[in-house]
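Undergrad: Contents of entry.tsv (TSV, C-alpha atoms and all ligand atoms) are below:
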```tsv
chain	number	residue	atom	x	y	z
Z	6	MET	CA	-95.47	-77.81	-147.82
Z	7	PRO	CA	-96.35	-80.42	-145.18
Z	8	LYS	CA	-97.55	-78.74	-142.03
Z	9	ILE	CA	-94.99	-80.54	-139.87
Z	10	LEU	CA	-92.14	-78.74	-141.66
Z	11	VAL	CA	-93.57	-75.25	-141.39
Z	12	SER	CA	-93.12	-74.52	-137.71
Z	13	PRO	CA	-89.44	-75.52	-137.32
Z	14	LEU	CA	-88.67	-73.54	-140.45
Z	15	LEU	CA	-90.55	-70.52	-139.16
Z	16	ALA	CA	-88.82	-70.81	-135.81
Z	17	ALA	CA	-85.43	-70.95	-137.52
Z	18	LEU	CA	-86.22	-67.87	-139.60
Z	19	LEU	CA	-87.39	-65.93	-136.56
Z	20	CYS	CA	-84.24	-66.77	-134.64
Z	21	LEU	CA	-81.79	-65.99	-137.41
Z	22	PRO	CA	-81.55	-62.19	-137.05
Z	23	GLN	CA	-80.62	-62.54	-133.39
Z	24	PHE	CA	-77.80	-64.93	-134.13
Z	25	ALA	CA	-76.59	-62.82	-137.03
Z	26	SER	CA	-76.42	-59.55	-135.10
Z	27	ALA	CA	-74.75	-60.86	-131.94
Z	28	LYS	CA	-71.05	-61.45	-132.28
Z	29	SER	CA	-70.66	-64.21	-129.79
Z	30	ARG	CA	-67.20	-64.68	-128.34
Z	31	THR	CA	-65.91	-67.28	-125.91
Z	32	VAL	CA	-62.94	-66.69	-123.63
Z	33	SER	CA	-61.30	-68.59	-120.86
Z	34	LEU	CA	-60.18	-66.79	-117.70
Z	35	ASN	CA	-57.76	-68.04	-115.09
Z	36	VAL	CA	-59.10	-67.43	-111.60
Z	37	PRO	CA	-56.24	-68.62	-109.36
Z	38	THR	CA	-57.65	-67.46	-106.01
Z	39	MET	CA	-60.70	-69.76	-105.92
Z	40	ASP	CA	-60.29	-71.71	-102.73
Z	41	CYS	CA	-63.47	-73.71	-102.20
Z	42	ALA	CA	-66.34	-75.30	-104.07
Z	43	THR	CA	-68.67	-72.32	-103.58
Z	44	CYS	CA	-66.32	-69.77	-105.17
Z	45	PRO	CA	-67.54	-70.65	-108.68
Z	46	ILE	CA	-71.11	-69.76	-107.69
Z	47	THR	CA	-70.06	-66.23	-106.69
Z	48	ILE	CA	-67.92	-65.80	-109.79
Z	49	LYS	CA	-70.60	-67.12	-112.12
Z	50	ALA	CA	-73.21	-64.75	-110.65
Z	51	ALA	CA	-70.82	-61.80	-111.04
Z	52	LEU	CA	-70.08	-62.68	-114.67
Z	53	LEU	CA	-73.73	-63.18	-115.59
Z	54	LYS	CA	-74.49	-59.66	-114.31
Z	55	VAL	CA	-72.25	-58.13	-116.97
Z	56	PRO	CA	-74.42	-56.88	-119.85
Z	57	GLY	CA	-73.81	-59.02	-122.91
Z	58	VAL	CA	-72.72	-62.15	-121.07
Z	59	SER	CA	-74.92	-65.08	-122.02
Z	60	ARG	CA	-73.12	-67.99	-120.40
Z	61	ALA	CA	-70.50	-68.55	-117.73
Z	62	LYS	CA	-69.09	-71.92	-116.79
Z	63	VAL	CA	-66.82	-71.78	-113.76
Z	64	SER	CA	-64.71	-74.72	-112.66
Z	65	TYR	CA	-63.20	-74.82	-109.19
Z	66	GLU	CA	-60.99	-77.79	-110.07
Z	67	ARG	CA	-59.48	-75.94	-113.01
Z	68	ARG	CA	-59.58	-72.45	-111.41
Z	69	GLU	CA	-61.12	-71.39	-114.65
Z	70	ALA	CA	-64.11	-69.48	-115.99
Z	71	VAL	CA	-65.31	-69.98	-119.54
Z	72	VAL	CA	-67.48	-67.07	-120.61
Z	73	VAL	CA	-69.66	-66.58	-123.67
Z	74	PHE	CA	-70.51	-62.96	-124.39
Z	75	ASP	CA	-71.62	-60.55	-127.08
Z	76	ASP	CA	-68.56	-58.80	-128.45
Z	77	ASP	CA	-70.58	-55.64	-129.12
Z	78	LYS	CA	-71.77	-55.28	-125.54
Z	79	ALA	CA	-68.96	-56.51	-123.33
Z	80	THR	CA	-65.16	-56.66	-123.36
Z	81	VAL	CA	-62.66	-58.96	-121.70
Z	82	ALA	CA	-61.84	-56.03	-119.40
Z	83	ASP	CA	-65.49	-55.96	-118.27
Z	84	LEU	CA	-65.30	-59.66	-117.41
Z	85	LYS	CA	-62.05	-59.21	-115.49
Z	86	ASN	CA	-63.51	-56.24	-113.61
Z	87	ALA	CA	-66.56	-58.31	-112.68
Z	88	THR	CA	-64.54	-61.17	-111.18
Z	89	GLU	CA	-62.17	-58.76	-109.47
Z	90	ASN	CA	-65.05	-56.80	-107.91
Z	91	ALA	CA	-66.43	-60.10	-106.63
Z	92	GLY	CA	-63.06	-60.69	-104.94
Z	93	TYR	CA	-61.41	-62.90	-107.55
Z	94	PRO	CA	-58.87	-61.28	-109.86
Z	95	SER	CA	-58.66	-63.10	-113.17
Z	96	MET	CA	-56.61	-63.07	-116.32
Z	97	LEU	CA	-57.28	-64.05	-119.89
Z	98	LYS	CA	-56.13	-67.58	-120.50
Z	99	GLU	CA	-56.53	-68.00	-124.21
Z	100	PRO	CA	-58.95	-66.94	-126.87
Z	101	LEU	CA	-61.13	-69.91	-127.83
Z	102	LYS	CA	-62.43	-70.27	-131.33
O	1	CU	CU	-64.81	-70.26	-101.94
```
Please render this file's structure as structure tokens.
TA:
Amino acid sequence: MPKILVSPLLAALLCLPQFASAKSRTVSLNVPTMDCATCPITIKAALLKVPGVSRAKVSYERREAVVVFDDDKATVADLKNATENAGYPSMLKEPLK
């Protein structure tokens, strides 16, 4: 096998078990009480502290937080608790596929 092909293939194989074991889920939360452009920073930090959350994209314009998390480690209730404890109650908007 040409050497140039070996390392990407090896990297892909090494990464596979992680992707296979984590059930990644994406949800969208309504966060209606955001009232300025720095609110999303607070909310994002709170969400990223929840174990299992890998990504959080918070939009002030849309009053929305899109969160990617591991279904085995976190629940939607955990995410809602996190935003609420940061001062921003939220509710599940819609399950994204
Ligand atoms: Cu604010």
Undergrad: Of the candidates Z:Gly92, Z:Phe74, Z:Leu34, Z:Lys54, which one gets nearest to ligand CU 1 (chain O) if we count only C-alpha atoms and all ligand atoms?
TA: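 So, comparing all the options, the nearest one is Z:Gly92.
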Undergrad: Near Z:Ala79, within 9 Å and counting all atoms listed in the file, which residues show up once chain neighbours fewer than 4 positions away are dropped, as a list of chain:residue names?
TA: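 These residues fall inside the cut-off: Z:Val55, Z:Pro56, Z:Gly57, Z:Val58, Z:Phe74, Z:Asp75, Z:Asp83, Z:Leu84.
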Undergrad: Return as a VMD selection string every polymer residue, whether protein, DNA or RNA, with at least one atom no more than 6 Å from an atom of ligand CU 1 (chain O); count all atoms listed in the file.
TA: chain Z and resid 39 to 44
Undergrad: Just the residues within 10 Å of stretch 47-50 of chain Z, please, counting only C-alpha atoms, with nothing from its chain fewer than 4 positions along; format it as a PyMOL selection string.
TA: chain Z and resi 36+39+43+54-55+60-64+70-72+87-93
Undergrad: Enclose the full set of atoms of stretch 76-91 of chain Z listed in the file within a box whose edges lie along x, y and z, apply 8 Å of padding to each of the six sides, and report centre and edge lengths in Å to one decimal as JSON.
TA:
```
{"center_x": -66.8, "center_y": -58.2, "center_z": -117.9, "size_x": 25.9, "size_y": 21.9, "size_z": 38.5}
```
Undergrad: Measuring atom to atom with only C-alpha atoms, identify which of Z:Leu52, Z:Ala82, Z:Asp76, Z:Arg68 is nearest to Z:Asn35.
TA: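 The answer is Z:Arg68, which sits nearest to Z:Asn35.
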Undergrad: Figure out the distance between atom CA of Z:Glu66 and atom CA of Z:Ser29, please, to one decimal in Å.
TA: 25.8 Å
Undergrad: Would you compute the distance between atom CA of Z:Val32 and atom CA of Z:Pro45? Give it in Å to one decimal.
TA: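 A separation of 16.1 Å between them.
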Undergrad: Distance atom CA of Z:Lys28-atom CA of Z:Tyr65, one decimal place?
TA: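 Between atom CA of Z:Lys28 and atom CA of Z:Tyr65 the gap works out to 27.8 Å.
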Undergrad: Rebuild stretch 61-94 of chain Z so that it carries N, CA and C atoms, then output the result as a PDB file, in the frame of the given file.
TA:
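This went into rebuild-v9.pdb:
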```
ATOM      1  N   ALA Z  61     -71.742 -68.509-118.481  1.00  0.00           N
ATOM      2  CA  ALA Z  61     -70.500 -68.550-117.730  1.00  0.00           C
ATOM      3  C   ALA Z  61     -70.396 -69.924-117.076  1.00  0.00           C
ATOM      4  N   LYS Z  62     -69.305 -70.610-117.377  1.00  0.00           N
ATOM      5  CA  LYS Z  62     -69.090 -71.920-116.790  1.00  0.00           C
ATOM      6  C   LYS Z  62     -67.818 -71.828-115.952  1.00  0.00           C
ATOM      7  N   VAL Z  63     -67.969 -71.967-114.647  1.00  0.00           N
ATOM      8  CA  VAL Z  63     -66.820 -71.780-113.760  1.00  0.00           C
ATOM      9  C   VAL Z  63     -66.455 -73.101-113.108  1.00  0.00           C
ATOM     10  N   SER Z  64     -65.189 -73.458-113.232  1.00  0.00           N
ATOM     11  CA  SER Z  64     -64.710 -74.720-112.660  1.00  0.00           C
ATOM     12  C   SER Z  64     -63.748 -74.458-111.515  1.00  0.00           C
ATOM     13  N   TYR Z  65     -64.097 -74.960-110.346  1.00  0.00           N
ATOM     14  CA  TYR Z  65     -63.200 -74.820-109.190  1.00  0.00           C
ATOM     15  C   TYR Z  65     -61.948 -75.670-109.396  1.00  0.00           C
ATOM     16  N   GLU Z  66     -62.127 -76.885-109.871  1.00  0.00           N
ATOM     17  CA  GLU Z  66     -60.990 -77.790-110.070  1.00  0.00           C
ATOM     18  C   GLU Z  66     -59.944 -77.182-110.992  1.00  0.00           C
ATOM     19  N   ARG Z  67     -60.415 -76.502-112.030  1.00  0.00           N
ATOM     20  CA  ARG Z  67     -59.480 -75.940-113.010  1.00  0.00           C
ATOM     21  C   ARG Z  67     -59.140 -74.482-112.739  1.00  0.00           C
ATOM     22  N   ARG Z  68     -59.759 -73.882-111.711  1.00  0.00           N
ATOM     23  CA  ARG Z  68     -59.580 -72.450-111.410  1.00  0.00           C
ATOM     24  C   ARG Z  68     -59.780 -71.642-112.692  1.00  0.00           C
ATOM     25  N   GLU Z  69     -60.906 -71.942-113.328  1.00  0.00           N
ATOM     26  CA  GLU Z  69     -61.120 -71.390-114.650  1.00  0.00           C
ATOM     27  C   GLU Z  69     -62.578 -70.983-114.855  1.00  0.00           C
ATOM     28  N   ALA Z  70     -62.768 -69.907-115.602  1.00  0.00           N
ATOM     29  CA  ALA Z  70     -64.110 -69.480-115.990  1.00  0.00           C
ATOM     30  C   ALA Z  70     -64.170 -69.373-117.508  1.00  0.00           C
ATOM     31  N   VAL Z  71     -65.105 -70.072-118.102  1.00  0.00           N
ATOM     32  CA  VAL Z  71     -65.310 -69.980-119.540  1.00  0.00           C
ATOM     33  C   VAL Z  71     -66.569 -69.154-119.774  1.00  0.00           C
ATOM     34  N   VAL Z  72     -66.397 -68.040-120.485  1.00  0.00           N
ATOM     35  CA  VAL Z  72     -67.480 -67.070-120.610  1.00  0.00           C
ATOM     36  C   VAL Z  72     -67.855 -66.855-122.071  1.00  0.00           C
ATOM     37  N   VAL Z  73     -69.147 -66.886-122.332  1.00  0.00           N
ATOM     38  CA  VAL Z  73     -69.660 -66.580-123.670  1.00  0.00           C
ATOM     39  C   VAL Z  73     -70.348 -65.229-123.588  1.00  0.00           C
ATOM     40  N   PHE Z  74     -69.938 -64.306-124.449  1.00  0.00           N
ATOM     41  CA  PHE Z  74     -70.510 -62.960-124.390  1.00  0.00           C
ATOM     42  C   PHE Z  74     -70.612 -62.341-125.764  1.00  0.00           C
ATOM     43  N   ASP Z  75     -71.426 -61.295-125.837  1.00  0.00           N
ATOM     44  CA  ASP Z  75     -71.620 -60.550-127.080  1.00  0.00           C
ATOM     45  C   ASP Z  75     -70.507 -59.504-127.192  1.00  0.00           C
ATOM     46  N   ASP Z  76     -69.733 -59.645-128.225  1.00  0.00           N
ATOM     47  CA  ASP Z  76     -68.560 -58.800-128.450  1.00  0.00           C
ATOM     48  C   ASP Z  76     -68.916 -57.315-128.587  1.00  0.00           C
ATOM     49  N   ASP Z  77     -70.158 -57.034-128.961  1.00  0.00           N
ATOM     50  CA  ASP Z  77     -70.580 -55.640-129.120  1.00  0.00           C
ATOM     51  C   ASP Z  77     -70.943 -54.990-127.793  1.00  0.00           C
ATOM     52  N   LYS Z  78     -71.258 -55.825-126.803  1.00  0.00           N
ATOM     53  CA  LYS Z  78     -71.770 -55.280-125.540  1.00  0.00           C
ATOM     54  C   LYS Z  78     -70.776 -55.368-124.393  1.00  0.00           C
ATOM     55  N   ALA Z  79     -69.883 -56.332-124.448  1.00  0.00           N
ATOM     56  CA  ALA Z  79     -68.960 -56.510-123.330  1.00  0.00           C
ATOM     57  C   ALA Z  79     -67.538 -56.723-123.855  1.00  0.00           C
ATOM     58  N   THR Z  80     -66.560 -56.438-123.005  1.00  0.00           N
ATOM     59  CA  THR Z  80     -65.160 -56.660-123.360  1.00  0.00           C
ATOM     60  C   THR Z  80     -64.548 -57.601-122.325  1.00  0.00           C
ATOM     61  N   VAL Z  81     -63.370 -58.110-122.647  1.00  0.00           N
ATOM     62  CA  VAL Z  81     -62.660 -58.960-121.700  1.00  0.00           C
ATOM     63  C   VAL Z  81     -62.372 -58.180-120.418  1.00  0.00           C
ATOM     64  N   ALA Z  82     -62.096 -56.874-120.576  1.00  0.00           N
ATOM     65  CA  ALA Z  82     -61.840 -56.030-119.400  1.00  0.00           C
ATOM     66  C   ALA Z  82     -63.067 -55.984-118.483  1.00  0.00           C
ATOM     67  N   ASP Z  83     -64.261 -55.944-119.072  1.00  0.00           N
ATOM     68  CA  ASP Z  83     -65.490 -55.960-118.270  1.00  0.00           C
ATOM     69  C   ASP Z  83     -65.583 -57.248-117.453  1.00  0.00           C
ATOM     70  N   LEU Z  84     -65.226 -58.351-118.091  1.00  0.00           N
ATOM     71  CA  LEU Z  84     -65.300 -59.660-117.410  1.00  0.00           C
ATOM     72  C   LEU Z  84     -64.307 -59.708-116.263  1.00  0.00           C
ATOM     73  N   LYS Z  85     -63.082 -59.206-116.530  1.00  0.00           N
ATOM     74  CA  LYS Z  85     -62.050 -59.210-115.490  1.00  0.00           C
ATOM     75  C   LYS Z  85     -62.443 -58.301-114.333  1.00  0.00           C
ATOM     76  N   ASN Z  86     -63.036 -57.142-114.660  1.00  0.00           N
ATOM     77  CA  ASN Z  86     -63.510 -56.240-113.610  1.00  0.00           C
ATOM     78  C   ASN Z  86     -64.571 -56.927-112.745  1.00  0.00           C
ATOM     79  N   ALA Z  87     -65.465 -57.664-113.410  1.00  0.00           N
ATOM     80  CA  ALA Z  87     -66.560 -58.310-112.680  1.00  0.00           C
ATOM     81  C   ALA Z  87     -66.021 -59.339-111.684  1.00  0.00           C
ATOM     82  N   THR Z  88     -65.074 -60.162-112.111  1.00  0.00           N
ATOM     83  CA  THR Z  88     -64.540 -61.170-111.180  1.00  0.00           C
ATOM     84  C   THR Z  88     -63.729 -60.493-110.079  1.00  0.00           C
ATOM     85  N   GLU Z  89     -62.988 -59.451-110.465  1.00  0.00           N
ATOM     86  CA  GLU Z  89     -62.170 -58.760-109.470  1.00  0.00           C
ATOM     87  C   GLU Z  89     -63.044 -58.072-108.414  1.00  0.00           C
ATOM     88  N   ASN Z  90     -64.142 -57.446-108.861  1.00  0.00           N
ATOM     89  CA  ASN Z  90     -65.050 -56.800-107.910  1.00  0.00           C
ATOM     90  C   ASN Z  90     -65.728 -57.805-106.997  1.00  0.00           C
ATOM     91  N   ALA Z  91     -65.838 -59.044-107.468  1.00  0.00           N
ATOM     92  CA  ALA Z  91     -66.430 -60.100-106.630  1.00  0.00           C
ATOM     93  C   ALA Z  91     -65.371 -60.685-105.689  1.00  0.00           C
ATOM     94  N   GLY Z  92     -64.123 -60.233-105.836  1.00  0.00           N
ATOM     95  CA  GLY Z  92     -63.060 -60.690-104.940  1.00  0.00           C
ATOM     96  C   GLY Z  92     -62.106 -61.694-105.571  1.00  0.00           C
ATOM     97  N   TYR Z  93     -62.248 -61.897-106.869  1.00  0.00           N
ATOM     98  CA  TYR Z  93     -61.410 -62.900-107.550  1.00  0.00           C
ATOM     99  C   TYR Z  93     -60.763 -62.308-108.798  1.00  0.00           C
ATOM    100  N   PRO Z  94     -59.555 -61.798-108.669  1.00  0.00           N
ATOM    101  CA  PRO Z  94     -58.870 -61.280-109.860  1.00  0.00           C
ATOM    102  C   PRO Z  94     -58.674 -62.413-110.879  1.00  0.00           C
TER     103      PRO Z  94
END
```
